[in-house]
$ cat structure_15.cif   # mmCIF, C-alpha atoms
data_upload
loop_
_atom_site.label_atom_id
_atom_site.label_comp_id
_atom_site.auth_asym_id
_atom_site.auth_seq_id
_atom_site.Cartn_x
_atom_site.Cartn_y
_atom_site.Cartn_z
CA MET A 1 18.86 232.86 97.14
CA LYS A 2 20.82 236.09 97.57
CA ASN A 3 22.48 237.76 94.60
CA ILE A 4 26.11 238.66 95.26
CA ALA A 5 28.19 240.92 93.00
CA VAL A 6 31.91 240.19 93.07
CA VAL A 7 33.21 243.56 91.94
CA CYS A 8 36.62 243.55 90.26
CA GLY A 9 38.81 245.46 87.84
CA GLY A 10 39.38 249.07 88.81
CA TYR A 11 41.32 252.03 87.53
CA SER A 12 44.87 251.17 88.60
CA LYS A 13 47.66 248.77 87.65
CA GLU A 14 46.30 246.44 90.33
CA GLU A 15 43.48 245.51 87.94
CA VAL A 16 45.20 242.25 86.96
CA ILE A 17 45.49 241.21 90.63
CA SER A 18 41.86 242.16 91.19
CA ILE A 19 40.72 239.88 88.36
CA GLN A 20 42.73 237.00 89.84
CA SER A 21 41.21 237.61 93.28
CA ALA A 22 37.71 237.71 91.83
CA GLU A 23 38.18 234.40 90.03
CA GLN A 24 39.14 232.69 93.27
CA ILE A 25 36.31 234.36 95.20
CA MET A 26 33.77 233.32 92.55
CA GLU A 27 35.00 229.75 92.77
CA ALA A 28 34.95 229.58 96.56
CA ILE A 29 31.67 231.32 97.46
CA ASP A 30 28.98 228.89 98.66
CA LYS A 31 26.71 228.38 95.63
CA THR A 32 24.04 226.72 97.78
CA LYS A 33 23.48 230.07 99.52
CA TYR A 34 24.33 232.67 96.91
CA LYS A 35 23.96 233.34 93.23
CA VAL A 36 27.25 234.96 92.25
CA PHE A 37 27.90 237.46 89.47
CA SER A 38 31.19 238.93 88.30
CA VAL A 39 30.94 242.70 87.84
CA ILE A 40 33.85 244.26 86.00
CA ILE A 41 34.45 247.97 86.56
CA SER A 42 36.75 250.06 84.38
CA LYS A 43 36.94 253.73 83.49
CA ASP A 44 35.15 252.97 80.24
CA SER A 45 32.37 250.66 81.40
CA TRP A 46 30.65 248.80 84.23
CA SER A 47 29.33 245.43 83.16
CA VAL A 48 28.28 242.06 84.52
CA LYS A 49 29.70 238.91 82.98
CA THR A 50 27.01 236.43 81.92
CA GLU A 51 26.87 233.32 79.74
CA SER A 52 25.52 235.46 76.91
CA GLY A 53 28.28 238.04 77.26
CA LEU A 54 28.81 241.36 79.03
CA ILE A 55 25.69 243.27 80.07
CA PRO A 56 25.93 246.93 81.12
CA ILE A 57 25.27 247.84 84.74
CA ASP A 58 22.64 250.50 85.40
CA LYS A 59 24.58 252.89 87.66
CA ASN A 60 21.34 254.48 88.90
CA ASP A 61 20.72 251.53 91.19
CA PHE A 62 23.57 249.09 90.42
CA SER A 63 21.33 246.59 88.63
CA PHE A 64 21.17 244.93 85.23
CA SER A 65 18.53 243.38 83.02
CA ASN A 66 18.81 239.95 81.44
CA ASP A 67 16.02 238.58 79.23
CA ASP A 68 13.80 241.45 80.42
CA ILE A 69 14.35 240.40 84.04
CA LYS A 70 15.82 243.07 86.31
CA ILE A 71 18.41 241.72 88.73
CA VAL A 72 19.46 243.63 91.84
CA PHE A 73 22.16 242.70 94.31
CA ASP A 74 21.81 241.84 97.98
CA ALA A 75 25.50 242.51 98.68
CA VAL A 76 28.81 243.40 97.06
CA PHE A 77 31.94 241.35 97.63
CA MET A 78 34.64 243.92 96.92
CA ALA A 79 37.66 242.58 95.02
CA ILE A 80 39.08 245.81 93.58
CA HIS A 81 42.55 246.57 94.91
CA GLY A 82 43.43 250.21 94.57
CA THR A 83 41.10 252.89 93.26
CA PRO A 84 38.09 253.04 93.21
CA GLY A 85 37.40 249.93 95.33
CA GLU A 86 39.88 250.34 98.18
CA ASP A 87 40.00 254.11 98.62
CA GLY A 88 36.37 254.71 99.60
CA LYS A 89 34.98 255.92 96.26
CA LEU A 90 32.85 252.86 95.51
CA GLN A 91 32.02 252.47 99.18
CA SER A 92 30.44 255.94 99.08
CA TYR A 93 28.43 254.98 96.01
CA PHE A 94 27.13 251.78 97.58
CA GLU A 95 26.38 253.55 100.85
CA MET A 96 24.12 255.99 98.99
CA LEU A 97 22.34 253.03 97.41
CA ASN A 98 22.11 251.11 100.72
CA ILE A 99 23.89 248.09 99.25
CA PRO A 100 26.03 246.11 101.74
CA VAL A 101 29.75 245.84 100.99
CA THR A 102 32.26 243.42 102.50
CA THR A 103 34.73 246.19 103.35
CA SER A 104 35.18 249.05 105.75
CA ASN A 105 33.04 252.14 105.17
CA SER A 106 34.01 255.00 102.85
CA PHE A 107 35.80 257.10 105.50
CA VAL A 108 37.85 254.22 106.91
CA SER A 109 38.73 253.04 103.40
CA ALA A 110 39.96 256.51 102.44
CA LEU A 111 42.00 256.83 105.64
CA THR A 112 43.71 253.45 105.40
CA PHE A 113 44.41 253.88 101.68
CA ASN A 114 46.42 257.01 102.46
CA LYS A 115 49.56 255.50 104.00
CA TYR A 116 50.86 258.73 105.55
CA ALA A 117 47.51 259.76 107.05
CA CYS A 118 46.94 256.28 108.47
CA LYS A 119 50.39 256.20 110.08
CA ALA A 120 49.86 259.69 111.53
CA PHE A 121 46.47 258.71 112.96
CA LEU A 122 47.81 255.57 114.63
CA GLN A 123 50.87 257.33 116.03
CA ASN A 124 48.46 259.30 118.24
CA PHE A 125 47.73 255.99 119.97
CA GLY A 126 51.36 254.97 120.38
CA VAL A 127 51.57 252.64 117.36
CA LEU A 128 55.17 252.55 116.14
CA SER A 129 55.95 253.10 112.46
CA ALA A 130 58.91 254.12 110.33
CA ASN A 131 59.90 257.77 110.20
CA ALA A 132 58.26 259.19 107.07
CA TYR A 133 58.37 262.21 104.77
CA LEU A 134 55.37 263.24 102.64
CA LEU A 135 55.90 264.89 99.27
CA ARG A 136 53.22 266.19 96.89
CA LYS A 137 53.63 266.60 93.15
CA GLY A 138 54.71 270.14 92.32
CA GLU A 139 56.27 270.82 95.71
CA LYS A 140 59.89 271.88 95.76
CA TYR A 141 62.27 269.56 97.54
CA GLU A 142 65.95 268.96 98.10
CA ALA A 143 67.21 265.39 97.97
CA ASP A 144 69.84 266.28 100.60
CA ASP A 145 67.13 267.43 103.03
CA ILE A 146 65.16 264.22 102.53
CA GLU A 147 68.26 262.11 103.08
CA GLU A 148 69.10 264.03 106.24
CA GLU A 149 65.61 263.52 107.66
CA VAL A 150 65.02 259.89 106.63
CA GLY A 151 68.51 258.47 106.13
CA LEU A 152 69.78 255.77 103.81
CA PRO A 153 68.63 253.23 102.83
CA MET A 154 65.10 254.55 102.35
CA PHE A 155 61.89 253.45 100.65
CA VAL A 156 60.19 255.75 98.16
CA LYS A 157 56.63 254.73 97.34
CA PRO A 158 53.26 256.09 96.18
CA ASN A 159 51.25 257.28 99.18
CA SER A 160 48.14 255.56 97.88
CA GLY A 161 48.35 252.25 96.07
CA GLY A 162 49.44 248.70 96.48
CA SER A 163 51.12 245.64 94.99
CA SER A 164 54.44 247.54 95.26
CA PHE A 165 53.94 249.46 92.00
CA GLY A 166 56.26 252.45 91.91
CA VAL A 167 58.22 251.42 95.01
CA THR A 168 62.00 251.75 95.18
CA LYS A 169 64.51 250.86 97.86
CA VAL A 170 67.11 253.62 97.63
CA LYS A 171 70.64 252.95 98.84
CA ARG A 172 72.57 255.79 97.20
CA SER A 173 72.05 259.56 97.27
CA GLU A 174 72.09 259.84 93.48
CA ASP A 175 69.13 257.43 93.24
CA ILE A 176 66.73 259.52 95.36
CA ILE A 177 65.44 261.78 92.57
CA PRO A 178 64.88 258.94 90.03
CA ALA A 179 62.98 257.01 92.72
CA ILE A 180 60.82 260.05 93.46
CA GLU A 181 60.04 260.47 89.76
CA LYS A 182 59.13 256.78 89.50
CA ALA A 183 56.73 257.04 92.45
CA PHE A 184 55.14 260.23 91.08
CA ALA A 185 54.32 258.30 87.91
CA GLU A 186 51.88 256.29 90.06
CA ASP A 187 50.47 258.92 92.44
CA ASP A 188 50.33 262.67 93.10
CA GLU A 189 51.57 262.09 96.65
CA ILE A 190 54.52 259.97 97.67
CA ILE A 191 55.81 258.79 101.01
CA ILE A 192 59.49 258.41 101.78
CA GLU A 193 60.27 256.14 104.73
CA GLU A 194 63.33 255.15 106.67
CA PHE A 195 64.51 251.61 106.09
CA ILE A 196 63.81 249.31 109.02
CA GLU A 197 65.92 246.20 108.84
CA GLY A 198 63.98 243.28 110.24
CA GLY A 199 61.55 240.51 109.51
CA GLU A 200 58.28 241.17 107.69
CA PHE A 201 55.04 239.84 109.13
CA THR A 202 51.36 240.24 108.41
CA CYS A 203 48.14 239.43 110.25
CA GLY A 204 44.54 239.19 109.04
CA VAL A 205 41.71 240.38 111.30
CA PHE A 206 37.95 240.06 110.96
CA CYS A 207 35.52 241.32 113.58
CA SER A 208 31.75 241.15 113.54
CA GLU A 209 29.02 241.63 116.10
CA ASN A 210 29.18 237.93 116.97
CA GLU A 211 32.87 237.06 116.81
CA ASN A 212 36.42 238.34 116.56
CA ILE A 213 38.84 236.37 114.41
CA VAL A 214 42.54 237.18 114.52
CA LEU A 215 44.20 234.91 111.99
CA PRO A 216 47.61 233.24 112.35
CA LEU A 217 50.58 235.41 111.39
CA THR A 218 52.41 235.00 108.12
CA GLU A 219 56.15 235.55 107.87
CA ILE A 220 57.32 236.86 104.51
CA VAL A 221 60.82 235.97 103.36
CA SER A 222 61.48 237.70 100.05
CA LYS A 223 64.02 236.37 97.56
CA THR A 224 64.27 239.83 96.01
CA GLU A 225 65.54 243.11 97.49
CA PHE A 226 62.18 243.60 99.22
CA PHE A 227 58.62 242.24 99.01
CA ASP A 228 57.99 243.73 95.56
CA PHE A 229 55.59 242.74 92.77
CA GLU A 230 57.85 239.92 91.59
CA ALA A 231 58.10 238.50 95.10
CA LYS A 232 54.36 238.84 95.74
CA TYR A 233 52.97 237.39 92.54
CA LYS A 234 55.72 235.45 90.77
CA GLY A 235 56.77 233.11 93.53
CA LEU A 236 59.91 234.97 94.57
CA SER A 237 59.12 234.80 98.26
CA ASP A 238 58.48 232.26 100.97
CA GLU A 239 55.29 232.87 102.94
CA ILE A 240 55.39 230.91 106.17
CA THR A 241 52.11 230.44 108.04
CA PRO A 242 52.10 230.32 111.03
CA ALA A 243 55.11 232.62 111.33
CA ARG A 244 58.27 231.43 113.04
CA LEU A 245 57.80 233.51 116.19
CA ASP A 246 57.56 232.50 119.82
CA ASN A 247 54.22 232.63 121.61
CA ASP A 248 54.87 236.00 123.23
CA GLN A 249 55.76 237.68 119.94
CA THR A 250 52.83 236.05 118.16
CA ASN A 251 50.38 237.15 120.85
CA GLU A 252 51.82 240.67 120.87
CA CYS A 253 51.39 241.07 117.11
CA GLN A 254 47.89 239.59 117.11
CA GLU A 255 46.81 241.86 119.97
CA LEU A 256 48.31 244.87 118.20
CA SER A 257 46.50 243.92 114.99
CA TYR A 258 43.19 243.65 116.82
CA ASP A 259 43.78 247.04 118.49
CA ILE A 260 44.63 248.71 115.17
CA TYR A 261 41.54 247.20 113.53
CA LYS A 262 39.38 248.66 116.30
CA LEU A 263 41.19 252.03 116.43
CA LEU A 264 40.61 252.48 112.71
CA ASN A 265 37.00 251.24 113.03
CA CYS A 266 37.54 248.67 110.29
CA SER A 267 35.04 246.17 108.96
CA GLY A 268 35.40 243.01 106.90
CA ILE A 269 38.77 241.32 106.52
CA VAL A 270 41.79 243.58 106.94
CA ARG A 271 45.42 242.50 106.58
CA ILE A 272 47.88 244.52 108.64
CA ASP A 273 51.58 244.51 107.73
CA TYR A 274 54.58 244.96 110.03
CA LEU A 275 58.34 244.99 110.27
CA LEU A 276 59.92 243.47 113.37
CA ARG A 277 63.10 245.12 114.66
CA ASP A 278 64.63 244.61 118.10
CA ASP A 279 61.51 242.79 119.32
CA GLN A 280 59.26 245.71 118.37
CA PHE A 281 56.60 245.63 115.64
CA TYR A 282 56.51 248.64 113.33
CA PHE A 283 53.23 249.22 111.52
CA MET A 284 53.55 249.44 107.73
CA GLU A 285 50.00 249.58 106.35
CA ALA A 286 46.46 248.26 106.63
CA ASN A 287 45.02 246.55 103.55
CA THR A 288 41.22 246.78 103.61
CA VAL A 289 40.84 244.82 100.35
CA PRO A 290 43.60 242.22 100.68
CA GLY A 291 44.41 239.95 97.77
CA MET A 292 42.44 236.74 97.44
CA SER A 293 44.25 235.13 94.51
CA LYS A 294 45.95 231.72 94.75
CA GLU A 295 49.19 233.47 95.72
CA SER A 296 47.56 235.66 98.36
CA ILE A 297 48.17 235.54 102.09
CA VAL A 298 44.72 235.79 103.70
CA PRO A 299 43.44 232.48 102.24
CA GLN A 300 46.59 230.82 103.62
CA GLN A 301 45.88 232.28 107.05
CA VAL A 302 42.23 231.24 106.95
CA ARG A 303 43.16 227.63 106.24
CA ALA A 304 45.81 227.70 108.99
CA TYR A 305 43.11 228.99 111.35
CA GLY A 306 41.16 225.81 110.63
CA MET A 307 38.40 227.27 108.49
CA SER A 308 37.64 226.78 104.83
CA VAL A 309 37.79 229.79 102.55
CA THR A 310 34.16 229.11 101.60
CA GLU A 311 33.08 229.34 105.25
CA PHE A 312 35.08 232.53 105.69
CA TYR A 313 33.53 234.22 102.67
CA THR A 314 30.08 233.39 104.03
CA LEU A 315 31.03 235.19 107.24
CA LEU A 316 32.14 238.26 105.28
CA ILE A 317 28.94 238.40 103.22
CA GLU A 318 26.57 237.86 106.13
CA ASP A 319 28.46 240.40 108.24
CA ALA A 320 28.10 243.02 105.50
CA ILE A 321 24.36 242.39 105.23
CA SER A 322 24.00 242.47 109.02
CA ARG A 323 25.89 245.77 109.34
CA LEU A 324 23.61 247.44 106.81
CA GLY A 325 20.55 246.16 108.62
CA GLU A 326 21.84 247.64 111.88
CA GLY A 327 22.69 250.96 110.28
CA LEU A 328 26.42 250.45 110.77
CA ILE A 329 27.38 251.10 107.15
#
$ encode --input "structure_15.cif" --output "structure tokens"
Amino acid sequence: MKNIAVVCGGYSKEEVISIQSAEQIMEAIDKTKYKVFSVIISKDSWSVKTESGLIPIDKNDFSFSNDDIKIVFDAVFMAIHGTPGEDGKLQSYFEMLNIPVTTSNSFVSALTFNKYACKAFLQNFGVLSANAYLLRKGEKYEADDIEEEVGLPMFVKPNSGGSSFGVTKVKRSEDIIPAIEKAFAEDDEIIIEEFIEGGEFTCGVFCSENENIVLPLTEIVSKTEFFDFEAKYKGLSDEITPARLDNDQTNECQELSYDIYKLLNCSGIVRIDYLLRDDQFYFMEANTVPGMSKESIVPQQVRAYGMSVTEFYTLLIEDAISRLGEGLI
């Protein structure tokens, strides 16, 4: 039986979401095929949760010893949202150790985690996205210049990060600087985007050597100003799967999602977010470690596709192991 580490925690405010995702993943993974361990990573410690308590992880080879028995892992199911599990840092570590991971590789993870860089890369291939302005901590800026370039309303958000921490929808000129300061509290780079008024949609994609799965779309109807933390995790949104789109729009978004997945050279399950304005889909971001908690979207899409979450997780694990065996990680 293969040993699987469900790695959770992390160094960002998304830690709480990561723990929730890991709990659901642990519950759903097929126990007849895998022995599952919860590995909690923080800045202070790496440890595996056992019946006898927390046992430190040996970072030399990502193993641990229990009752004088050394246990190594056959694969890692990544459940850390944000750094260091979604930005390529842990992927690099596991690549050096030749341990399969259920995500994209270190380079792709780093690229997709950087919102501005990812948008710029995809624009080379004609993928539409909101007009954006990049600002780094310490750089001089004029709020008037930003407003002139981006317009109002605008979104100010950390360039790297998720779960809508540090994000502000700015409607008035006098609110630009406070929003910038709020975003800089989360990241050293921020991205300022034009507001695109339209519906919000998201699509999960998983491709392996044997099959390509483009999941049904989800339509997000937020009860707050935008799809913020409260809307995402406290029930203040309606998530409609399949989305209320006609067949042509659905097919267009699914085909675009597949193309983006391939252009970025993604692996594992990736959720790609869009805004729809005037019958055109505008790329927002690609989530290479999407949430897997009870409130999360991908499990909804998997069930709507006609597959159990347990079956889907088996696909992710076996794909990761297969990619390592073929030298694709």
$ closest_residue --input "structure_15.cif" --among "A:Ala28, A:Leu264, A:Cys8, A:Leu135" --to "A:Ser47" --atoms "all atoms listed in the file"
A:Cys8
$ atom_distance --input "structure_15.cif" --atom1 "atom CA of A:Gln254" --atom2 "atom CA of A:Pro84"
29.1 Å
$ atom_distance --input "structure_15.cif" --atom1 "atom CA of A:Lys89" --atom2 "atom CA of A:Glu285"
19.2 Å
$ resolve_selection --input "structure_15.cif" --expression "the PyMOL selection byres ((chain A and resi 119) around 10)" --output "number ranges by chain"
A: 111-112, 114-118, 120-124, 127-132, 283-286
$ residues_around --input "structure_15.cif" --residues "stretch 73-80 of chain A" --least-positions-apart "3" --cutoff "9 Å" --atoms "all atoms listed in the file" --output "PyMOL selection string"
chain A and resi 2-11+14-15+17-19+21-22+25+41+62-63+83-86+94+99-103+289-292+313+316-318+320-321
$ residues_around --input "structure_15.cif" --residues "A:Asp238" --least-positions-apart "2" --cutoff "7 Å" --atoms "all atoms listed in the file" --output "ChimeraX atom specification"
/A:220-222,240
$ atom_distance --input "structure_15.cif" --atom1 "atom CA of A:Asn159" --atom2 "atom CA of A:Tyr258"
23.7 Å
$ axis_aligned_box --input "structure_15.cif" --around "stretch 282-301 of chain A" --padding-each-side "5 Å" --output "JSON"
{"center_x": 48.7, "center_y": 240.2, "center_z": 103.9, "size_x": 25.7, "size_y": 28.8, "size_z": 28.8}
$ resolve_selection --input "structure_15.cif" --expression "the PyMOL selection byres ((chain A and resi 147-149) around 12)" --output "NGL selection string"
:A and (130-134 or 141-146 or 150-156 or 170-177 or 192-195)
$ resolve_selection --input "structure_15.cif" --expression "the PyMOL selection byres ((chain A and resi 182) around 12)" --output "short mmCIF file (atom, residue, chain, number, x, y, z; two decimals) with C-alpha atoms, in the coordinates of the input"
data_model
loop_
_atom_site.label_atom_id
_atom_site.label_comp_id
_atom_site.auth_asym_id
_atom_site.auth_seq_id
_atom_site.Cartn_x
_atom_site.Cartn_y
_atom_site.Cartn_z
CA LYS A 137 53.63 266.60 93.15
CA PHE A 155 61.89 253.45 100.65
CA VAL A 156 60.19 255.75 98.16
CA LYS A 157 56.63 254.73 97.34
CA PRO A 158 53.26 256.09 96.18
CA SER A 164 54.44 247.54 95.26
CA PHE A 165 53.94 249.46 92.00
CA GLY A 166 56.26 252.45 91.91
CA VAL A 167 58.22 251.42 95.01
CA THR A 168 62.00 251.75 95.18
CA LYS A 169 64.51 250.86 97.86
CA VAL A 170 67.11 253.62 97.63
CA ASP A 175 69.13 257.43 93.24
CA ILE A 176 66.73 259.52 95.36
CA ILE A 177 65.44 261.78 92.57
CA PRO A 178 64.88 258.94 90.03
CA ALA A 179 62.98 257.01 92.72
CA ILE A 180 60.82 260.05 93.46
CA GLU A 181 60.04 260.47 89.76
CA ALA A 183 56.73 257.04 92.45
CA PHE A 184 55.14 260.23 91.08
CA ALA A 185 54.32 258.30 87.91
CA GLU A 186 51.88 256.29 90.06
CA ASP A 187 50.47 258.92 92.44
CA ASP A 188 50.33 262.67 93.10
CA GLU A 189 51.57 262.09 96.65
CA ILE A 190 54.52 259.97 97.67
#
$ residues_near_point --input "structure_15.cif" --point "(32.2, 239.2, 117.0)" --cutoff "12 Å" --atoms "only C-alpha atoms" --output "PyMOL selection string"
chain A and resi 205-214+258+262+267-268+315-316+319+322-323
$ residues_around --input "structure_15.cif" --residues "A:Gln280" --least-positions-apart "2" --cutoff "12 Å" --atoms "all atoms listed in the file" --output "mmCIF file with C-alpha atoms, in the frame of the given file"
data_model
loop_
_atom_site.group_PDB
_atom_site.id
_atom_site.type_symbol
_atom_site.label_atom_id
_atom_site.label_comp_id
_atom_site.auth_asym_id
_atom_site.auth_seq_id
_atom_site.Cartn_x
_atom_site.Cartn_y
_atom_site.Cartn_z
ATOM 1 C CA VAL A 127 51.570 252.640 117.360
ATOM 2 C CA LEU A 128 55.170 252.550 116.140
ATOM 3 C CA SER A 129 55.950 253.100 112.460
ATOM 4 C CA ALA A 130 58.910 254.120 110.330
ATOM 5 C CA ILE A 196 63.810 249.310 109.020
ATOM 6 C CA GLU A 197 65.920 246.200 108.840
ATOM 7 C CA GLY A 198 63.980 243.280 110.240
ATOM 8 C CA GLY A 199 61.550 240.510 109.510
ATOM 9 C CA GLU A 200 58.280 241.170 107.690
ATOM 10 C CA PHE A 201 55.040 239.840 109.130
ATOM 11 C CA ASP A 248 54.870 236.000 123.230
ATOM 12 C CA GLN A 249 55.760 237.680 119.940
ATOM 13 C CA THR A 250 52.830 236.050 118.160
ATOM 14 C CA GLU A 252 51.820 240.670 120.870
ATOM 15 C CA CYS A 253 51.390 241.070 117.110
ATOM 16 C CA LEU A 256 48.310 244.870 118.200
ATOM 17 C CA TYR A 274 54.580 244.960 110.030
ATOM 18 C CA LEU A 275 58.340 244.990 110.270
ATOM 19 C CA LEU A 276 59.920 243.470 113.370
ATOM 20 C CA ARG A 277 63.100 245.120 114.660
ATOM 21 C CA ASP A 278 64.630 244.610 118.100
ATOM 22 C CA TYR A 282 56.510 248.640 113.330
ATOM 23 C CA PHE A 283 53.230 249.220 111.520
#
$ residues_around --input "structure_15.cif" --residues "A:Gln20" --least-positions-apart "4" --cutoff "8 Å" --atoms "all atoms listed in the file" --output "compact mmCIF listing (two decimals) with C-alpha atoms, keeping the file's coordinate frame"
# COMPACT_ATOMS: atom_id res chain seq x y z
CA VAL A 16 45.20 242.25 86.96
CA GLN A 24 39.14 232.69 93.27
CA MET A 292 42.44 236.74 97.44
CA SER A 293 44.25 235.13 94.51
CA LYS A 294 45.95 231.72 94.75
$ closest_residue --input "structure_15.cif" --among "A:Ser160, A:Thr218, A:Thr241, A:Thr310" --to "A:His81" --atoms "only C-alpha atoms"
A:Ser160
$ closest_residue --input "structure_15.cif" --among "A:Ala243, A:Phe125, A:Asp279, A:Gln300" --to "A:Asp259" --atoms "all atoms listed in the file"
A:Phe125
$ closest_residue --input "structure_15.cif" --among "A:Val108, A:Pro56, A:Leu97, A:Val309" --to "A:Leu263" --atoms "all atoms listed in the file"
A:Val108
$ residues_near_point --input "structure_15.cif" --point "(28.5, 246.8, 87.7)" --cutoff "6 Å" --atoms "all atoms listed in the file" --output "PyMOL selection string"
chain A and resi 39+46-48+57
